[in-house]
file query_31.cif (mmCIF, C-alpha atoms and all ligand atoms)
data_start
#
loop_
_atom_site.group_PDB
_atom_site.id
_atom_site.type_symbol
_atom_site.label_atom_id
_atom_site.label_comp_id
_atom_site.auth_asym_id
_atom_site.auth_seq_id
_atom_site.Cartn_x
_atom_site.Cartn_y
_atom_site.Cartn_z
ATOM 1 C CA MET A 47 -3.790 -19.635 -1.729
ATOM 2 C CA ASP A 48 -2.224 -19.052 -5.148
ATOM 3 C CA ILE A 49 -4.161 -17.005 -7.681
ATOM 4 C CA VAL A 50 -2.848 -16.628 -11.213
ATOM 5 C CA PHE A 51 -2.775 -13.199 -12.890
ATOM 6 C CA ALA A 52 -3.077 -13.858 -16.659
ATOM 7 C CA THR A 53 -0.799 -11.047 -17.815
ATOM 8 C CA LYS A 54 2.590 -10.451 -19.360
ATOM 9 C CA ASN A 55 2.727 -6.896 -18.024
ATOM 10 C CA ALA A 56 5.064 -6.692 -14.999
ATOM 11 C CA HIS A 57 3.821 -3.163 -14.126
ATOM 12 C CA LYS A 58 0.288 -4.490 -13.709
ATOM 13 C CA ILE A 59 1.485 -7.311 -11.440
ATOM 14 C CA SER A 60 3.163 -4.962 -8.984
ATOM 15 C CA GLU A 61 0.154 -2.570 -8.961
ATOM 16 C CA VAL A 62 -2.261 -5.418 -8.228
ATOM 17 C CA GLN A 63 -0.211 -7.438 -5.713
ATOM 18 C CA SER A 64 -0.140 -4.553 -3.243
ATOM 19 C CA ILE A 65 -3.970 -4.345 -3.090
ATOM 20 C CA LEU A 66 -5.148 -7.966 -3.090
ATOM 21 C CA ALA A 67 -6.527 -9.590 0.024
ATOM 22 C CA LYS A 68 -4.113 -11.179 2.441
ATOM 23 C CA GLY A 69 -4.399 -14.930 2.042
ATOM 24 C CA TYR A 70 -3.862 -14.724 -1.717
ATOM 25 C CA THR A 71 -0.495 -14.824 -3.464
ATOM 26 C CA VAL A 72 -0.438 -13.530 -7.014
ATOM 27 C CA VAL A 73 1.592 -15.635 -9.424
ATOM 28 C CA CYS A 74 2.029 -14.962 -13.126
ATOM 29 C CA PRO A 75 2.011 -17.510 -15.975
ATOM 30 C CA GLU A 76 5.773 -17.052 -16.444
ATOM 31 C CA GLN A 77 6.423 -18.289 -12.881
ATOM 32 C CA LEU A 78 4.398 -21.396 -13.764
ATOM 33 C CA GLY A 79 6.498 -22.008 -16.863
ATOM 34 C CA PHE A 80 4.325 -20.405 -19.580
ATOM 35 C CA ASN A 81 6.072 -17.761 -21.687
ATOM 36 C CA GLY A 82 3.820 -17.708 -24.764
ATOM 37 C CA GLU A 83 1.285 -15.159 -25.942
ATOM 38 C CA ILE A 84 -2.051 -14.866 -24.149
ATOM 39 C CA PRO A 85 -4.745 -14.283 -26.808
ATOM 40 C CA GLU A 86 -6.874 -11.120 -26.763
ATOM 41 C CA GLU A 87 -8.908 -11.095 -29.982
ATOM 42 C CA GLU A 88 -12.299 -9.843 -28.824
ATOM 43 C CA VAL A 89 -13.858 -6.446 -29.555
ATOM 44 C CA THR A 90 -14.712 -5.441 -25.984
ATOM 45 C CA LEU A 91 -12.653 -5.108 -22.794
ATOM 46 C CA GLU A 92 -15.001 -7.604 -21.116
ATOM 47 C CA GLY A 93 -14.516 -10.108 -23.961
ATOM 48 C CA ASN A 94 -10.751 -9.778 -23.916
ATOM 49 C CA ALA A 95 -10.513 -10.010 -20.127
ATOM 50 C CA LEU A 96 -12.582 -13.215 -20.167
ATOM 51 C CA GLN A 97 -10.586 -14.655 -23.074
ATOM 52 C CA LYS A 98 -7.247 -14.098 -21.273
ATOM 53 C CA ALA A 99 -8.521 -15.520 -17.966
ATOM 54 C CA ARG A 100 -10.146 -18.573 -19.606
ATOM 55 C CA PHE A 101 -6.976 -19.341 -21.579
ATOM 56 C CA ILE A 102 -4.754 -19.433 -18.475
ATOM 57 C CA TYR A 103 -7.412 -21.101 -16.266
ATOM 58 C CA LYS A 104 -7.650 -24.001 -18.722
ATOM 59 C CA MET A 105 -3.866 -24.338 -18.776
ATOM 60 C CA PHE A 106 -3.278 -24.566 -14.998
ATOM 61 C CA ASN A 107 -6.706 -25.285 -13.504
ATOM 62 C CA LEU A 108 -6.057 -22.698 -10.789
ATOM 63 C CA PRO A 109 -8.187 -19.648 -9.840
ATOM 64 C CA CYS A 110 -7.220 -17.028 -12.348
ATOM 65 C CA PHE A 111 -7.899 -13.388 -13.205
ATOM 66 C CA SER A 112 -6.936 -10.966 -15.936
ATOM 67 C CA ASP A 113 -7.239 -7.263 -16.582
ATOM 68 C CA ASP A 114 -8.062 -5.580 -19.875
ATOM 69 C CA THR A 115 -7.741 -1.830 -19.969
ATOM 70 C CA GLY A 116 -8.605 0.798 -22.542
ATOM 71 C CA LEU A 117 -8.079 4.543 -22.824
ATOM 72 C CA GLU A 118 -11.340 6.059 -24.122
ATOM 73 C CA VAL A 119 -11.035 9.575 -25.562
ATOM 74 C CA GLU A 120 -14.255 11.587 -26.004
ATOM 75 C CA SER A 121 -13.237 13.585 -29.099
ATOM 76 C CA LEU A 122 -11.985 10.383 -30.778
ATOM 77 C CA ASN A 123 -15.362 8.678 -30.255
ATOM 78 C CA GLY A 124 -13.960 6.370 -27.573
ATOM 79 C CA ALA A 125 -10.744 5.403 -29.415
ATOM 80 C CA PRO A 126 -8.247 3.869 -28.868
ATOM 81 C CA GLY A 127 -10.439 1.880 -26.416
ATOM 82 C CA VAL A 128 -10.047 -1.866 -26.692
ATOM 83 C CA TYR A 129 -7.272 -1.296 -29.261
ATOM 84 C CA SER A 130 -5.136 0.833 -26.886
ATOM 85 C CA ALA A 131 -2.193 -1.612 -26.881
ATOM 86 C CA ARG A 132 -1.983 -1.622 -30.711
ATOM 87 C CA TYR A 133 -3.091 1.942 -31.457
ATOM 88 C CA ALA A 134 0.019 2.746 -33.523
ATOM 89 C CA GLY A 135 0.074 -0.760 -35.046
ATOM 90 C CA GLU A 136 0.964 -4.327 -34.069
ATOM 91 C CA GLY A 137 4.260 -4.569 -32.164
ATOM 92 C CA LYS A 138 4.601 -0.791 -31.672
ATOM 93 C CA SER A 139 5.751 0.680 -28.343
ATOM 94 C CA SER A 140 3.878 2.791 -25.776
ATOM 95 C CA GLU A 141 5.955 5.720 -27.009
ATOM 96 C CA ASP A 142 4.617 5.155 -30.573
ATOM 97 C CA ASN A 143 1.049 4.957 -29.219
ATOM 98 C CA ILE A 144 1.480 8.255 -27.365
ATOM 99 C CA VAL A 145 2.932 9.972 -30.451
ATOM 100 C CA LYS A 146 -0.083 8.849 -32.495
ATOM 101 C CA LEU A 147 -2.534 9.909 -29.779
ATOM 102 C CA LEU A 148 -1.045 13.413 -29.473
ATOM 103 C CA ARG A 149 -1.047 13.757 -33.266
ATOM 104 C CA GLU A 150 -4.729 12.702 -33.541
ATOM 105 C CA MET A 151 -5.593 15.178 -30.770
ATOM 106 C CA SER A 152 -3.567 18.120 -32.070
ATOM 107 C CA ASP A 153 -6.713 19.965 -33.291
ATOM 108 C CA LYS A 154 -9.044 18.827 -30.500
ATOM 109 C CA GLY A 155 -10.287 21.323 -27.900
ATOM 110 C CA ASN A 156 -12.114 18.637 -25.931
ATOM 111 C CA ARG A 157 -9.369 16.694 -24.083
ATOM 112 C CA ASN A 158 -11.742 14.596 -21.912
ATOM 113 C CA ALA A 159 -10.800 10.930 -21.584
ATOM 114 C CA ARG A 160 -11.126 8.012 -19.218
ATOM 115 C CA PHE A 161 -9.335 4.795 -18.435
ATOM 116 C CA ARG A 162 -11.629 1.811 -18.074
ATOM 117 C CA CYS A 163 -10.346 -1.440 -16.571
ATOM 118 C CA VAL A 164 -12.231 -4.725 -16.549
ATOM 119 C CA ILE A 165 -11.061 -7.602 -14.372
ATOM 120 C CA ALA A 166 -12.315 -11.086 -15.180
ATOM 121 C CA TYR A 167 -11.960 -13.674 -12.407
ATOM 122 C CA ILE A 168 -12.549 -17.409 -12.742
ATOM 123 C CA ASP A 169 -12.802 -19.118 -9.380
ATOM 124 C CA SER A 170 -11.833 -22.667 -8.433
ATOM 125 C CA SER A 171 -15.298 -23.960 -9.468
ATOM 126 C CA GLY A 172 -14.973 -22.345 -12.913
ATOM 127 C CA ALA A 173 -17.536 -19.579 -12.192
ATOM 128 C CA GLU A 174 -16.795 -16.248 -13.908
ATOM 129 C CA HIS A 175 -16.970 -12.789 -12.282
ATOM 130 C CA LEU A 176 -16.388 -9.280 -13.737
ATOM 131 C CA PHE A 177 -15.250 -6.111 -11.897
ATOM 132 C CA GLU A 178 -14.967 -2.642 -13.493
ATOM 133 C CA GLY A 179 -12.979 0.455 -12.537
ATOM 134 C CA ILE A 180 -13.068 3.865 -14.251
ATOM 135 C CA VAL A 181 -11.075 7.060 -13.799
ATOM 136 C CA ASN A 182 -11.996 10.252 -15.659
ATOM 137 C CA GLY A 183 -9.419 12.787 -16.720
ATOM 138 C CA ARG A 184 -7.909 14.592 -19.680
ATOM 139 C CA ILE A 185 -5.199 14.136 -22.273
ATOM 140 C CA LEU A 186 -2.236 16.486 -21.818
ATOM 141 C CA PHE A 187 -0.555 18.299 -24.746
ATOM 142 C CA GLU A 188 2.819 16.702 -24.008
ATOM 143 C CA LYS A 189 4.341 13.944 -21.886
ATOM 144 C CA GLN A 190 4.917 14.661 -18.185
ATOM 145 C CA GLY A 191 6.707 12.329 -15.713
ATOM 146 C CA ASP A 192 8.543 8.994 -15.780
ATOM 147 C CA GLU A 193 6.584 6.768 -13.384
ATOM 148 C CA GLY A 194 3.977 4.186 -14.389
ATOM 149 C CA PHE A 195 3.653 2.833 -17.925
ATOM 150 C CA GLY A 196 1.636 2.981 -21.147
ATOM 151 C CA TYR A 197 -0.309 6.231 -21.581
ATOM 152 C CA ASP A 198 0.405 7.450 -18.003
ATOM 153 C CA PRO A 199 2.637 10.402 -19.082
ATOM 154 C CA VAL A 200 -0.197 12.023 -21.082
ATOM 155 C CA PHE A 201 -3.163 11.268 -18.777
ATOM 156 C CA SER A 202 -4.073 13.643 -15.968
ATOM 157 C CA PRO A 203 -6.822 12.364 -13.639
ATOM 158 C CA GLU A 204 -9.741 14.639 -12.694
ATOM 159 C CA GLY A 205 -8.922 16.929 -9.744
ATOM 160 C CA PHE A 206 -5.137 16.846 -10.346
ATOM 161 C CA ASN A 207 -2.727 19.058 -12.285
ATOM 162 C CA ILE A 208 -0.194 16.289 -12.775
ATOM 163 C CA SER A 209 -0.118 13.143 -14.886
ATOM 164 C CA PHE A 210 -0.317 9.552 -13.631
ATOM 165 C CA ALA A 211 3.388 9.320 -14.512
ATOM 166 C CA GLN A 212 4.120 12.050 -11.945
ATOM 167 C CA MET A 213 2.471 10.068 -9.135
ATOM 168 C CA SER A 214 3.995 7.377 -6.955
ATOM 169 C CA PRO A 215 2.573 3.877 -7.503
ATOM 170 C CA ILE A 216 0.659 4.225 -4.206
ATOM 171 C CA GLU A 217 -0.919 7.550 -5.256
ATOM 172 C CA LYS A 218 -1.896 6.161 -8.668
ATOM 173 C CA ASN A 219 -3.414 3.004 -7.135
ATOM 174 C CA LEU A 220 -5.619 5.077 -4.799
ATOM 175 C CA ILE A 221 -7.540 6.687 -7.671
ATOM 176 C CA SER A 222 -6.800 4.689 -10.797
ATOM 177 C CA HIS A 223 -9.086 2.540 -12.952
ATOM 178 C CA ARG A 224 -7.062 -0.565 -11.985
ATOM 179 C CA GLY A 225 -6.965 0.405 -8.304
ATOM 180 C CA ARG A 226 -10.762 0.752 -8.305
ATOM 181 C CA ALA A 227 -11.401 -2.515 -10.146
ATOM 182 C CA VAL A 228 -8.885 -4.414 -7.992
ATOM 183 C CA ASN A 229 -10.431 -3.006 -4.805
ATOM 184 C CA LYS A 230 -13.839 -4.363 -5.840
ATOM 185 C CA PHE A 231 -12.191 -7.699 -6.634
ATOM 186 C CA ALA A 232 -10.290 -7.670 -3.316
ATOM 187 C CA ASP A 233 -13.531 -6.942 -1.383
ATOM 188 C CA TYR A 234 -15.144 -9.895 -3.137
ATOM 189 C CA LEU A 235 -12.229 -12.202 -2.232
ATOM 190 C CA THR A 236 -12.323 -11.004 1.381
ATOM 191 C CA GLU A 237 -16.028 -11.941 1.552
ATOM 192 C CA VAL A 238 -15.196 -15.359 0.085
ATOM 193 C CA ILE A 239 -12.488 -15.896 2.723
ATOM 194 C CA LYS A 240 -14.913 -14.839 5.505
ATOM 195 C CA GLY A 241 -17.618 -17.141 4.107
ATOM 196 C CA ARG A 242 -15.219 -20.063 4.298
ATOM 197 C CA GLY A 243 -14.240 -19.128 7.839
ATOM 198 C CA ILE A 244 -10.561 -18.901 6.858
HETATM 199 P P1 LIG A 301 -1.707 -7.876 -20.720
HETATM 200 O O1 LIG A 301 -0.595 -8.896 -20.832
HETATM 201 O O2 LIG A 301 -2.308 -7.858 -19.347
HETATM 202 O O3 LIG A 301 -2.738 -7.975 -21.815
HETATM 203 P P2 LIG A 301 -1.135 -5.274 -21.887
HETATM 204 O O4 LIG A 301 -0.041 -4.272 -21.608
HETATM 205 O O5 LIG A 301 -1.305 -5.781 -23.282
HETATM 206 O O6 LIG A 301 -0.952 -6.452 -20.840
HETATM 207 P P3 LIG A 301 -3.861 -4.156 -21.938
HETATM 208 O O7 LIG A 301 -4.170 -4.890 -23.187
HETATM 209 O O8 LIG A 301 -4.842 -4.200 -20.841
HETATM 210 O O9 LIG A 301 -2.462 -4.654 -21.328
HETATM 211 O O10 LIG A 301 -3.485 -2.632 -22.163
HETATM 212 C C1 LIG A 301 -3.928 -1.847 -23.209
HETATM 213 C C2 LIG A 301 -3.022 -0.665 -23.379
HETATM 214 O O11 LIG A 301 -3.319 0.314 -22.396
HETATM 215 C C3 LIG A 301 -1.518 -0.946 -23.302
HETATM 216 O O12 LIG A 301 -0.890 -0.146 -24.289
HETATM 217 C C4 LIG A 301 -1.110 -0.465 -21.953
HETATM 218 O O13 LIG A 301 0.204 0.055 -21.944
HETATM 219 C C5 LIG A 301 -2.143 0.651 -21.684
HETATM 220 N N1 LIG A 301 -2.465 0.692 -20.259
HETATM 221 C C6 LIG A 301 -3.055 -0.300 -19.545
HETATM 222 N N2 LIG A 301 -3.152 0.074 -18.250
HETATM 223 C C7 LIG A 301 -2.609 1.320 -18.167
HETATM 224 C C8 LIG A 301 -2.392 2.222 -17.104
HETATM 225 O O14 LIG A 301 -2.714 1.924 -15.862
HETATM 226 N N3 LIG A 301 -1.818 3.401 -17.375
HETATM 227 C C9 LIG A 301 -1.452 3.713 -18.638
HETATM 228 N N4 LIG A 301 -1.604 2.928 -19.693
HETATM 229 C C10 LIG A 301 -2.183 1.717 -19.469
#

call {"tool": "encode", "arguments": {"input": "query_31.cif", "output": "structure tokens"}}
result
Amino acid sequence: MDIVFATKNAHKISEVQSILAKGYTVVCPEQLGFNGEIPEEEVTLEGNALQKARFIYKMFNLPCFSDDTGLEVESLNGAPGVYSARYAGEGKSSEDNIVKLLREMSDKGNRNARFRCVIAYIDSSGAEHLFEGIVNGRILFEKQGDEGFGYDPVFSPEGFNISFAQMSPIEKNLISHRGRAVNKFADYLTEVIKGRGI
């Protein structure tokens, strides 16, 4: 069964595809012929995740999910949070966002932070479901590693001395915010498949 992932982020697609229940094939809007912007104008991760999923669900009328993720830094009162993608301004790169983050944190002793990921899923009947995944960690003083994407080079998860960008995709998925949210989602889909006797 095809399930649409309402994202334009190719890194997210490969992280998620490897975890989802067998019986589901993840397709992205681009593969279905949509190359436009997917709106995310809400002020919470939950709101944005639902907005992205609803937008693509209405377009294709296929089961659809989306992920909205924020980096929440304790000493910045939870910023950049829902604005993580545009922290350095509209159209700026991940590199620009990291430069701004390290600058804002230059005088901060408390480096505690967490990634929070919310997945919104709309099933074939139009019912909406939310799944959350969190990973705690700290913000490093400089970038480390080349794997992953976004803020990965400056985020070190609790219990590790390396950044997410120094982990393989498999290692990151085992402990990450997205890995945790997708696992909850995958367990839900597995139950649905069992319930249908597929
Ligand atoms: P969508 O098309 O799915 O919206 P996006 O890249 O805009 O893709 P988000 O709005 O969820 O995704 O991401 C907010 C920001 O957080 C963005 O700058 C990402 O690069 C960053 N981010 C998201 N997941 C991350 C992860 O696993 N590791 C590091 N940074 C991440």

call {"tool": "resolve_selection", "arguments": {"input": "query_31.cif", "expression": "the PyMOL selection byres (((not hetatm)) within 9 of (chain A and resi 301))", "output": "PDB file with C-alpha atoms, in the frame of the given file"}}
result
ATOM      1  CA  PHE A  51      -2.775 -13.199 -12.890  1.00  0.00           C
ATOM      2  CA  ALA A  52      -3.077 -13.858 -16.659  1.00  0.00           C
ATOM      3  CA  THR A  53      -0.799 -11.047 -17.815  1.00  0.00           C
ATOM      4  CA  LYS A  54       2.590 -10.451 -19.360  1.00  0.00           C
ATOM      5  CA  ASN A  55       2.727  -6.896 -18.024  1.00  0.00           C
ATOM      6  CA  ALA A  56       5.064  -6.692 -14.999  1.00  0.00           C
ATOM      7  CA  HIS A  57       3.821  -3.163 -14.126  1.00  0.00           C
ATOM      8  CA  LYS A  58       0.288  -4.490 -13.709  1.00  0.00           C
ATOM      9  CA  ILE A  59       1.485  -7.311 -11.440  1.00  0.00           C
ATOM     10  CA  GLU A  61       0.154  -2.570  -8.961  1.00  0.00           C
ATOM     11  CA  GLU A  83       1.285 -15.159 -25.942  1.00  0.00           C
ATOM     12  CA  ILE A  84      -2.051 -14.866 -24.149  1.00  0.00           C
ATOM     13  CA  PRO A  85      -4.745 -14.283 -26.808  1.00  0.00           C
ATOM     14  CA  GLU A  86      -6.874 -11.120 -26.763  1.00  0.00           C
ATOM     15  CA  LEU A  91     -12.653  -5.108 -22.794  1.00  0.00           C
ATOM     16  CA  ASN A  94     -10.751  -9.778 -23.916  1.00  0.00           C
ATOM     17  CA  ALA A  95     -10.513 -10.010 -20.127  1.00  0.00           C
ATOM     18  CA  LYS A  98      -7.247 -14.098 -21.273  1.00  0.00           C
ATOM     19  CA  SER A 112      -6.936 -10.966 -15.936  1.00  0.00           C
ATOM     20  CA  ASP A 113      -7.239  -7.263 -16.582  1.00  0.00           C
ATOM     21  CA  ASP A 114      -8.062  -5.580 -19.875  1.00  0.00           C
ATOM     22  CA  THR A 115      -7.741  -1.830 -19.969  1.00  0.00           C
ATOM     23  CA  GLY A 116      -8.605   0.798 -22.542  1.00  0.00           C
ATOM     24  CA  LEU A 117      -8.079   4.543 -22.824  1.00  0.00           C
ATOM     25  CA  PRO A 126      -8.247   3.869 -28.868  1.00  0.00           C
ATOM     26  CA  GLY A 127     -10.439   1.880 -26.416  1.00  0.00           C
ATOM     27  CA  VAL A 128     -10.047  -1.866 -26.692  1.00  0.00           C
ATOM     28  CA  TYR A 129      -7.272  -1.296 -29.261  1.00  0.00           C
ATOM     29  CA  SER A 130      -5.136   0.833 -26.886  1.00  0.00           C
ATOM     30  CA  ALA A 131      -2.193  -1.612 -26.881  1.00  0.00           C
ATOM     31  CA  ARG A 132      -1.983  -1.622 -30.711  1.00  0.00           C
ATOM     32  CA  TYR A 133      -3.091   1.942 -31.457  1.00  0.00           C
ATOM     33  CA  SER A 139       5.751   0.680 -28.343  1.00  0.00           C
ATOM     34  CA  SER A 140       3.878   2.791 -25.776  1.00  0.00           C
ATOM     35  CA  ASN A 143       1.049   4.957 -29.219  1.00  0.00           C
ATOM     36  CA  PHE A 161      -9.335   4.795 -18.435  1.00  0.00           C
ATOM     37  CA  ARG A 162     -11.629   1.811 -18.074  1.00  0.00           C
ATOM     38  CA  CYS A 163     -10.346  -1.440 -16.571  1.00  0.00           C
ATOM     39  CA  VAL A 164     -12.231  -4.725 -16.549  1.00  0.00           C
ATOM     40  CA  GLY A 194       3.977   4.186 -14.389  1.00  0.00           C
ATOM     41  CA  PHE A 195       3.653   2.833 -17.925  1.00  0.00           C
ATOM     42  CA  GLY A 196       1.636   2.981 -21.147  1.00  0.00           C
ATOM     43  CA  TYR A 197      -0.309   6.231 -21.581  1.00  0.00           C
ATOM     44  CA  ASP A 198       0.405   7.450 -18.003  1.00  0.00           C
ATOM     45  CA  PRO A 199       2.637  10.402 -19.082  1.00  0.00           C
ATOM     46  CA  VAL A 200      -0.197  12.023 -21.082  1.00  0.00           C
ATOM     47  CA  PHE A 201      -3.163  11.268 -18.777  1.00  0.00           C
ATOM     48  CA  PHE A 210      -0.317   9.552 -13.631  1.00  0.00           C
ATOM     49  CA  ALA A 211       3.388   9.320 -14.512  1.00  0.00           C
ATOM     50  CA  LYS A 218      -1.896   6.161  -8.668  1.00  0.00           C
ATOM     51  CA  ASN A 219      -3.414   3.004  -7.135  1.00  0.00           C
ATOM     52  CA  SER A 222      -6.800   4.689 -10.797  1.00  0.00           C
ATOM     53  CA  HIS A 223      -9.086   2.540 -12.952  1.00  0.00           C
ATOM     54  CA  ARG A 224      -7.062  -0.565 -11.985  1.00  0.00           C
ATOM     55  CA  GLY A 225      -6.965   0.405  -8.304  1.00  0.00           C
TER      56      GLY A 225
END

call {"tool": "atom_distance", "arguments": {"input": "query_31.cif", "atom1": "atom CA of A:Gly124", "atom2": "atom CA of A:Ala159"}}
result
8.2 Å

call {"tool": "atom_distance", "arguments": {"input": "query_31.cif", "atom1": "atom CA of A:His175", "atom2": "atom CA of A:Asn123"}}
result
28.0 Å

call {"tool": "atom_distance", "arguments": {"input": "query_31.cif", "atom1": "atom CA of A:Ile208", "atom2": "atom CA of A:Lys230"}}
result
25.7 Å

call {"tool": "residues_around", "arguments": {"input": "query_31.cif", "residues": "A:Glu120", "least_positions_apart": "6", "cutoff": "9 Å", "atoms": "all atoms listed in the file", "output": "list in words"}}
result
Asn156, Arg157, Asn158, Ala159 and Arg160 of chain A

call {"tool": "write_last_selection", "arguments": {"input": "query_31.cif", "atoms": "C-alpha atoms", "output": "compact mmCIF listing (two decimals), in the coordinates of the input"}}
result
# COMPACT_ATOMS: atom_id res chain seq x y z
CA ASN A 156 -12.11 18.64 -25.93
CA ARG A 157 -9.37 16.69 -24.08
CA ASN A 158 -11.74 14.60 -21.91
CA ALA A 159 -10.80 10.93 -21.58
CA ARG A 160 -11.13 8.01 -19.22

call {"tool": "closest_residue", "arguments": {"input": "query_31.cif", "among": "A:Met47, A:Ala99, A:Leu66, A:Ala125", "to": "A:Asp233", "atoms": "all atoms listed in the file"}}
result
A:Leu66

call {"tool": "axis_aligned_box", "arguments": {"input": "query_31.cif", "around": "stretch 108-119 of chain A", "padding_each_side": "5 Å", "output": "lines of an AutoDock Vina configuration file"}}
result
center_x = -8.7
center_y = -6.6
center_z = -17.7
size_x = 15.3
size_y = 42.3
size_z = 25.7

call {"tool": "residues_around", "arguments": {"input": "query_31.cif", "residues": "A:Phe80", "least_positions_apart": "5", "cutoff": "12 Å", "atoms": "all atoms listed in the file", "output": "PyMOL selection string"}}
result
chain A and resi 50+52-54+73-75+101-102+105-106

call {"tool": "write_last_selection", "arguments": {"input": "query_31.cif", "atoms": "C-alpha atoms", "output": "PDB file, in the coordinates of the input"}}
result
ATOM      1  CA  VAL A  50      -2.848 -16.628 -11.213  1.00  0.00           C
ATOM      2  CA  ALA A  52      -3.077 -13.858 -16.659  1.00  0.00           C
ATOM      3  CA  THR A  53      -0.799 -11.047 -17.815  1.00  0.00           C
ATOM      4  CA  LYS A  54       2.590 -10.451 -19.360  1.00  0.00           C
ATOM      5  CA  VAL A  73       1.592 -15.635  -9.424  1.00  0.00           C
ATOM      6  CA  CYS A  74       2.029 -14.962 -13.126  1.00  0.00           C
ATOM      7  CA  PRO A  75       2.011 -17.510 -15.975  1.00  0.00           C
ATOM      8  CA  PHE A 101      -6.976 -19.341 -21.579  1.00  0.00           C
ATOM      9  CA  ILE A 102      -4.754 -19.433 -18.475  1.00  0.00           C
ATOM     10  CA  MET A 105      -3.866 -24.338 -18.776  1.00  0.00           C
ATOM     11  CA  PHE A 106      -3.278 -24.566 -14.998  1.00  0.00           C
TER      12      PHE A 106
END

call {"tool": "resolve_selection", "arguments": {"input": "query_31.cif", "expression": "the PyMOL selection byres (((chain A and resi 204) around 7) and not hetatm)", "output": "VMD selection string"}}
result
chain A and resid 182 to 183 202 to 203 205 to 206

call {"tool": "closest_residue", "arguments": {"input": "query_31.cif", "among": "A:Gln97, A:Ser152, A:Ser170, A:Thr236", "to": "A:Gly69", "atoms": "only C-alpha atoms"}}
result
A:Thr236
